[in-house]
$ cat my_file-v7.cif   # mmCIF, C-alpha atoms and all ligand atoms; chains and numbers go by the auth columns
data_query
loop_
_atom_site.group_PDB
_atom_site.id
_atom_site.type_symbol
_atom_site.label_atom_id
_atom_site.label_comp_id
_atom_site.label_asym_id
_atom_site.label_seq_id
_atom_site.Cartn_x
_atom_site.Cartn_y
_atom_site.Cartn_z
_atom_site.B_iso_or_equiv
_atom_site.auth_seq_id
_atom_site.auth_asym_id
ATOM 1 C CA MET A 1 -124.488 357.799 -0.369 0.00 361 A
ATOM 2 C CA THR A 2 -125.191 354.186 -0.691 0.00 362 A
ATOM 3 C CA THR A 3 -124.902 353.695 3.007 0.00 363 A
ATOM 4 C CA ARG A 4 -127.207 356.605 3.832 0.00 364 A
ATOM 5 C CA ARG A 5 -129.834 355.356 1.413 0.00 365 A
ATOM 6 C CA ARG A 6 -129.605 351.913 2.835 0.00 366 A
ATOM 7 C CA PHE A 7 -130.106 353.316 6.327 0.00 367 A
ATOM 8 C CA ILE A 8 -133.156 355.306 5.308 0.00 368 A
ATOM 9 C CA PHE A 9 -134.706 352.189 3.829 0.00 369 A
ATOM 10 C CA MET A 10 -133.977 350.194 6.956 0.00 370 A
ATOM 11 C CA ILE A 11 -135.915 352.512 9.299 0.00 371 A
ATOM 12 C CA PRO A 12 -139.421 351.606 8.066 0.00 372 A
ATOM 13 C CA ALA A 13 -138.494 347.939 7.851 0.00 373 A
ATOM 14 C CA SER A 14 -137.244 347.804 11.446 0.00 374 A
ATOM 15 C CA GLY A 15 -140.295 349.704 12.617 0.00 375 A
ATOM 16 C CA ALA A 16 -142.495 347.083 11.063 0.00 376 A
ATOM 17 C CA VAL A 17 -140.515 344.284 12.695 0.00 377 A
ATOM 18 C CA LEU A 18 -140.730 346.045 16.059 0.00 378 A
ATOM 19 C CA ALA A 19 -144.469 346.571 15.742 0.00 379 A
ATOM 20 C CA THR A 20 -144.958 342.928 14.888 0.00 380 A
ATOM 21 C CA ALA A 21 -142.849 341.813 17.834 0.00 381 A
ATOM 22 C CA CYS A 22 -144.778 344.015 20.250 0.00 382 A
ATOM 23 C CA SER A 23 -148.126 342.848 18.994 0.00 383 A
ATOM 24 C CA ASP A 24 -146.982 339.221 19.375 0.00 384 A
ATOM 25 C CA GLN A 25 -146.156 339.765 23.035 0.00 385 A
ATOM 26 C CA ALA A 26 -149.429 341.491 23.777 0.00 386 A
ATOM 27 C CA THR A 27 -151.590 338.732 22.332 0.00 387 A
ATOM 28 C CA PRO A 28 -149.933 335.335 22.280 0.00 388 A
ATOM 29 C CA PRO A 29 -151.398 332.828 19.871 0.00 389 A
ATOM 30 C CA PRO A 30 -154.098 330.734 21.534 0.00 390 A
ATOM 31 C CA ALA A 31 -152.442 327.506 20.426 0.00 391 A
ATOM 32 C CA ALA A 32 -149.413 328.248 22.581 0.00 392 A
ATOM 33 C CA ALA A 33 -151.353 328.245 25.849 0.00 393 A
ATOM 34 C CA PRO A 34 -152.421 324.563 25.891 0.00 394 A
ATOM 35 C CA GLU A 35 -148.897 323.510 25.011 0.00 395 A
ATOM 36 C CA ALA A 36 -147.414 325.627 27.758 0.00 396 A
ATOM 37 C CA ALA A 37 -149.677 324.234 30.468 0.00 397 A
ATOM 38 C CA PRO A 38 -148.528 320.582 30.339 0.00 398 A
ATOM 39 C CA ALA A 39 -144.934 321.673 30.053 0.00 399 A
ATOM 40 C CA ALA A 40 -145.320 323.898 33.055 0.00 400 A
ATOM 41 C CA ALA A 41 -147.057 321.281 35.170 0.00 401 A
ATOM 42 C CA PRO A 42 -143.908 319.409 36.213 0.00 402 A
ATOM 43 C CA MET A 43 -142.265 322.722 37.016 0.00 403 A
ATOM 44 C CA ALA A 44 -145.256 323.740 39.136 0.00 404 A
ATOM 45 C CA ALA A 45 -144.984 320.709 41.403 0.00 405 A
ATOM 46 C CA PRO A 46 -145.597 321.661 45.006 0.00 406 A
ATOM 47 C CA PRO A 47 -142.434 322.422 46.877 0.00 407 A
ATOM 48 C CA ALA A 48 -141.166 319.705 49.105 0.00 408 A
ATOM 49 C CA PRO A 49 -142.446 320.210 52.612 0.00 409 A
ATOM 50 C CA GLU A 50 -139.897 321.615 54.935 0.00 410 A
ATOM 51 C CA PRO A 51 -138.747 319.156 57.517 0.00 411 A
ATOM 52 C CA ALA A 52 -140.773 319.544 60.655 0.00 412 A
ATOM 53 C CA ALA A 53 -138.961 320.944 63.599 0.00 413 A
ATOM 54 C CA PRO A 54 -138.038 318.209 66.026 0.00 414 A
ATOM 55 C CA PRO A 55 -140.268 318.060 69.045 0.00 415 A
ATOM 56 C CA ALA A 56 -138.938 319.978 71.936 0.00 416 A
ATOM 57 C CA ALA A 57 -136.795 317.691 73.962 0.00 417 A
ATOM 58 C CA PRO A 58 -137.648 317.463 77.625 0.00 418 A
ATOM 59 C CA GLN A 59 -135.639 320.000 79.436 0.00 419 A
ATOM 60 C CA ALA A 60 -132.667 318.393 81.032 0.00 420 A
ATOM 61 C CA SER A 61 -132.919 318.494 84.745 0.00 421 A
ATOM 62 C CA GLY A 62 -129.504 320.096 84.872 0.00 422 A
ATOM 63 C CA SER A 63 -130.707 323.163 82.993 0.00 423 A
ATOM 64 C CA ALA A 64 -133.833 323.864 85.068 0.00 424 A
ATOM 65 C CA PRO A 65 -133.455 326.666 87.557 0.00 425 A
ATOM 66 C CA MET A 66 -133.250 325.907 91.232 0.00 426 A
ATOM 67 C CA LEU A 67 -136.350 326.415 93.318 0.00 427 A
ATOM 68 C CA ASP A 68 -136.069 329.583 95.360 0.00 428 A
ATOM 69 C CA GLU A 69 -137.103 329.242 98.998 0.00 429 A
ATOM 70 C CA ALA A 70 -138.906 332.566 98.573 0.00 430 A
ATOM 71 C CA ASP A 71 -141.039 331.190 95.731 0.00 431 A
ATOM 72 C CA PRO A 72 -144.674 331.322 96.935 0.00 432 A
ATOM 73 C CA ALA A 73 -145.123 327.613 96.194 0.00 433 A
ATOM 74 C CA ALA A 74 -141.980 326.821 98.179 0.00 434 A
ATOM 75 C CA VAL A 75 -143.094 329.009 101.082 0.00 435 A
ATOM 76 C CA ALA A 76 -146.501 327.311 101.113 0.00 436 A
ATOM 77 C CA LEU A 77 -144.849 323.933 101.631 0.00 437 A
ATOM 78 C CA GLY A 78 -142.066 325.126 103.926 0.00 438 A
ATOM 79 C CA TYR A 79 -139.394 324.182 101.405 0.00 439 A
ATOM 80 C CA VAL A 80 -135.794 324.723 102.434 0.00 440 A
ATOM 81 C CA ALA A 81 -132.717 323.880 100.405 0.00 441 A
ATOM 82 C CA ASP A 82 -131.100 322.419 103.529 0.00 442 A
ATOM 83 C CA THR A 83 -133.303 320.057 105.513 0.00 443 A
ATOM 84 C CA THR A 84 -131.609 321.040 108.777 0.00 444 A
ATOM 85 C CA ARG A 85 -133.103 324.517 108.408 0.00 445 A
ATOM 86 C CA ALA A 86 -136.687 323.268 108.287 0.00 446 A
ATOM 87 C CA ASP A 87 -139.075 324.974 110.700 0.00 447 A
ATOM 88 C CA LYS A 88 -139.294 322.323 113.413 0.00 448 A
ATOM 89 C CA THR A 89 -141.950 324.258 115.294 0.00 449 A
ATOM 90 C CA LYS A 90 -144.238 324.436 112.314 0.00 450 A
ATOM 91 C CA TYR A 91 -143.366 320.913 111.152 0.00 451 A
ATOM 92 C CA PRO A 92 -142.847 318.836 114.307 0.00 452 A
ATOM 93 C CA ASN A 93 -142.743 315.592 112.330 0.00 453 A
ATOM 94 C CA HIS A 94 -139.688 316.745 110.411 0.00 454 A
ATOM 95 C CA ALA A 95 -136.435 314.884 110.969 0.00 455 A
ATOM 96 C CA ASP A 96 -133.042 315.960 109.694 0.00 456 A
ATOM 97 C CA SER A 97 -132.657 312.535 108.107 0.00 457 A
ATOM 98 C CA GLN A 98 -135.492 313.433 105.742 0.00 458 A
ATOM 99 C CA SER A 99 -134.388 315.086 102.508 0.00 459 A
ATOM 100 C CA CYS A 100 -135.464 315.344 98.928 0.00 460 A
ATOM 101 C CA ALA A 101 -132.873 312.723 97.996 0.00 461 A
ATOM 102 C CA ASN A 102 -134.757 310.080 100.007 0.00 462 A
ATOM 103 C CA CYS A 103 -138.255 311.423 99.275 0.00 463 A
ATOM 104 C CA GLY A 104 -140.573 309.299 97.177 0.00 464 A
ATOM 105 C CA LEU A 105 -141.430 312.267 94.981 0.00 465 A
ATOM 106 C CA TYR A 106 -137.860 313.203 94.135 0.00 466 A
ATOM 107 C CA GLN A 107 -136.963 312.581 90.487 0.00 467 A
ATOM 108 C CA GLY A 108 -133.281 313.424 90.526 0.00 468 A
ATOM 109 C CA THR A 109 -130.628 310.862 89.803 0.00 469 A
ATOM 110 C CA ALA A 110 -128.868 309.226 92.700 0.00 470 A
ATOM 111 C CA GLY A 111 -125.871 311.240 93.798 0.00 471 A
ATOM 112 C CA ALA A 112 -126.967 314.432 92.022 0.00 472 A
ATOM 113 C CA ASP A 113 -127.001 317.683 93.972 0.00 473 A
ATOM 114 C CA ALA A 114 -130.473 318.558 92.703 0.00 474 A
ATOM 115 C CA GLY A 115 -133.323 317.194 90.676 0.00 475 A
ATOM 116 C CA PRO A 116 -136.922 317.708 89.652 0.00 476 A
ATOM 117 C CA CYS A 117 -139.865 317.377 91.968 0.00 477 A
ATOM 118 C CA PRO A 118 -143.400 317.175 90.540 0.00 478 A
ATOM 119 C CA LEU A 119 -144.629 319.610 93.166 0.00 479 A
ATOM 120 C CA PHE A 120 -142.406 322.319 91.735 0.00 480 A
ATOM 121 C CA ALA A 121 -142.638 321.845 87.982 0.00 481 A
ATOM 122 C CA GLY A 122 -139.890 323.419 85.918 0.00 482 A
ATOM 123 C CA LYS A 123 -137.619 323.851 88.916 0.00 483 A
ATOM 124 C CA GLN A 124 -135.068 321.720 90.658 0.00 484 A
ATOM 125 C CA VAL A 125 -135.008 321.056 94.348 0.00 485 A
ATOM 126 C CA ALA A 126 -131.845 320.479 96.303 0.00 486 A
ATOM 127 C CA ALA A 127 -131.110 316.853 97.087 0.00 487 A
ATOM 128 C CA GLN A 128 -130.552 317.983 100.679 0.00 488 A
ATOM 129 C CA GLY A 129 -133.743 320.036 100.636 0.00 489 A
ATOM 130 C CA TRP A 130 -137.019 319.303 102.321 0.00 490 A
ATOM 131 C CA CYS A 131 -140.640 320.328 102.270 0.00 491 A
ATOM 132 C CA ALA A 132 -143.805 319.479 104.204 0.00 492 A
ATOM 133 C CA SER A 133 -144.905 317.058 101.482 0.00 493 A
ATOM 134 C CA TYR A 134 -141.977 314.771 102.153 0.00 494 A
ATOM 135 C CA VAL A 135 -142.857 311.087 101.892 0.00 495 A
ATOM 136 C CA LYS A 136 -140.302 308.419 102.623 0.00 496 A
ATOM 137 C CA LYS A 137 -139.057 306.720 99.494 0.00 497 A
ATOM 138 C CA PRO A 138 -140.115 303.043 99.494 0.00 498 A
ATOM 139 C CA ALA A 139 -137.246 300.701 100.195 0.00 499 A
HETATM 140 FE FE1 LIG B . -138.277 317.487 98.285 0.00 1 B
HETATM 141 FE FE2 LIG B . -140.080 315.556 98.435 0.00 1 B
HETATM 142 FE FE3 LIG B . -140.732 318.048 99.120 0.00 1 B
HETATM 143 FE FE4 LIG B . -140.319 317.422 96.564 0.00 1 B
HETATM 144 S S1 LIG B . -141.957 316.625 97.880 0.00 1 B
HETATM 145 S S2 LIG B . -139.518 319.200 97.648 0.00 1 B
HETATM 146 S S3 LIG B . -138.688 315.933 96.718 0.00 1 B
HETATM 147 S S4 LIG B . -139.248 316.729 100.157 0.00 1 B
#
$ encode --input "my_file-v7.cif" --output "structure tokens" --more "lines below"
Ligand code: SF4
Amino acid sequence: MTTRRRFIFMIPASGAVLATACSDQATPPPAAAPEAAPAAAPMAAPPAPEPAAPPAAPQASGSAPMLDEADPAAVALGYVADTTRADKTKYPNHADSQSCANCGLYQGTAGADAGPCPLFAGKQVAAQGWCASYVKKPA
């Protein structure tokens, strides 16, 4: 009996505690807000900026695709991957000794099979190639 009575008395008391707790959450005391703001300030520091992505590296000449002879820009300049196949009728000044490798516009490294040419951006031309814009590389 003692336990049951004690339980019955506890119900109103816990209800009062619960009601008080709920009302405290709904309306926090105004004095708590100013204290919380300075404490929260260091926590609200702006996140560190993410490291910027590195600038895109220039595409290595070895990874650029080869210029296709059928490419409209290549056709317009009579480009061939093998200088000996140049149209000698259309380009009478062509000589088989002329090739991209000894052209002043060629940007490939010496001895490489292919390299960039500013006339065909983003593509590689064959070192043994040729086009009508050939200019002898200065000695
Ligand atoms: Fe080759 Fe020179 Fe013509 Fe470029 S300009 S495709 S390097 S011959």
$ resolve_selection --input "my_file-v7.cif" --expression "the PyMOL selection byres (((not hetatm)) within 12 of (chain B and resi 1))" --output "mmCIF file with C-alpha atoms, in the frame of the given file"
data_model
loop_
_atom_site.group_PDB
_atom_site.id
_atom_site.type_symbol
_atom_site.label_atom_id
_atom_site.label_comp_id
_atom_site.auth_asym_id
_atom_site.auth_seq_id
_atom_site.Cartn_x
_atom_site.Cartn_y
_atom_site.Cartn_z
ATOM 1 C CA MET A 426 -133.250 325.907 91.232
ATOM 2 C CA LEU A 427 -136.350 326.415 93.318
ATOM 3 C CA ASP A 428 -136.069 329.583 95.360
ATOM 4 C CA GLU A 429 -137.103 329.242 98.998
ATOM 5 C CA ALA A 433 -145.123 327.613 96.194
ATOM 6 C CA ALA A 434 -141.980 326.821 98.179
ATOM 7 C CA VAL A 435 -143.094 329.009 101.082
ATOM 8 C CA ALA A 436 -146.501 327.311 101.113
ATOM 9 C CA LEU A 437 -144.849 323.933 101.631
ATOM 10 C CA GLY A 438 -142.066 325.126 103.926
ATOM 11 C CA TYR A 439 -139.394 324.182 101.405
ATOM 12 C CA VAL A 440 -135.794 324.723 102.434
ATOM 13 C CA ALA A 441 -132.717 323.880 100.405
ATOM 14 C CA ASP A 442 -131.100 322.419 103.529
ATOM 15 C CA THR A 443 -133.303 320.057 105.513
ATOM 16 C CA ALA A 446 -136.687 323.268 108.287
ATOM 17 C CA HIS A 454 -139.688 316.745 110.411
ATOM 18 C CA ALA A 455 -136.435 314.884 110.969
ATOM 19 C CA ASP A 456 -133.042 315.960 109.694
ATOM 20 C CA SER A 457 -132.657 312.535 108.107
ATOM 21 C CA GLN A 458 -135.492 313.433 105.742
ATOM 22 C CA SER A 459 -134.388 315.086 102.508
ATOM 23 C CA CYS A 460 -135.464 315.344 98.928
ATOM 24 C CA ALA A 461 -132.873 312.723 97.996
ATOM 25 C CA ASN A 462 -134.757 310.080 100.007
ATOM 26 C CA CYS A 463 -138.255 311.423 99.275
ATOM 27 C CA GLY A 464 -140.573 309.299 97.177
ATOM 28 C CA LEU A 465 -141.430 312.267 94.981
ATOM 29 C CA TYR A 466 -137.860 313.203 94.135
ATOM 30 C CA GLN A 467 -136.963 312.581 90.487
ATOM 31 C CA GLY A 468 -133.281 313.424 90.526
ATOM 32 C CA THR A 469 -130.628 310.862 89.803
ATOM 33 C CA ALA A 474 -130.473 318.558 92.703
ATOM 34 C CA GLY A 475 -133.323 317.194 90.676
ATOM 35 C CA PRO A 476 -136.922 317.708 89.652
ATOM 36 C CA CYS A 477 -139.865 317.377 91.968
ATOM 37 C CA PRO A 478 -143.400 317.175 90.540
ATOM 38 C CA LEU A 479 -144.629 319.610 93.166
ATOM 39 C CA PHE A 480 -142.406 322.319 91.735
ATOM 40 C CA ALA A 481 -142.638 321.845 87.982
ATOM 41 C CA LYS A 483 -137.619 323.851 88.916
ATOM 42 C CA GLN A 484 -135.068 321.720 90.658
ATOM 43 C CA VAL A 485 -135.008 321.056 94.348
ATOM 44 C CA ALA A 486 -131.845 320.479 96.303
ATOM 45 C CA ALA A 487 -131.110 316.853 97.087
ATOM 46 C CA GLN A 488 -130.552 317.983 100.679
ATOM 47 C CA GLY A 489 -133.743 320.036 100.636
ATOM 48 C CA TRP A 490 -137.019 319.303 102.321
ATOM 49 C CA CYS A 491 -140.640 320.328 102.270
ATOM 50 C CA ALA A 492 -143.805 319.479 104.204
ATOM 51 C CA SER A 493 -144.905 317.058 101.482
ATOM 52 C CA TYR A 494 -141.977 314.771 102.153
ATOM 53 C CA VAL A 495 -142.857 311.087 101.892
ATOM 54 C CA LYS A 496 -140.302 308.419 102.623
ATOM 55 C CA LYS A 497 -139.057 306.720 99.494
#
$ atom_distance --input "my_file-v7.cif" --atom1 "atom CA of A:Gly482" --atom2 "atom CA of A:Asp431"
12.6 Å
$ atom_distance --input "my_file-v7.cif" --atom1 "atom CA of A:Gly471" --atom2 "atom CA of A:Ala499"
16.8 Å
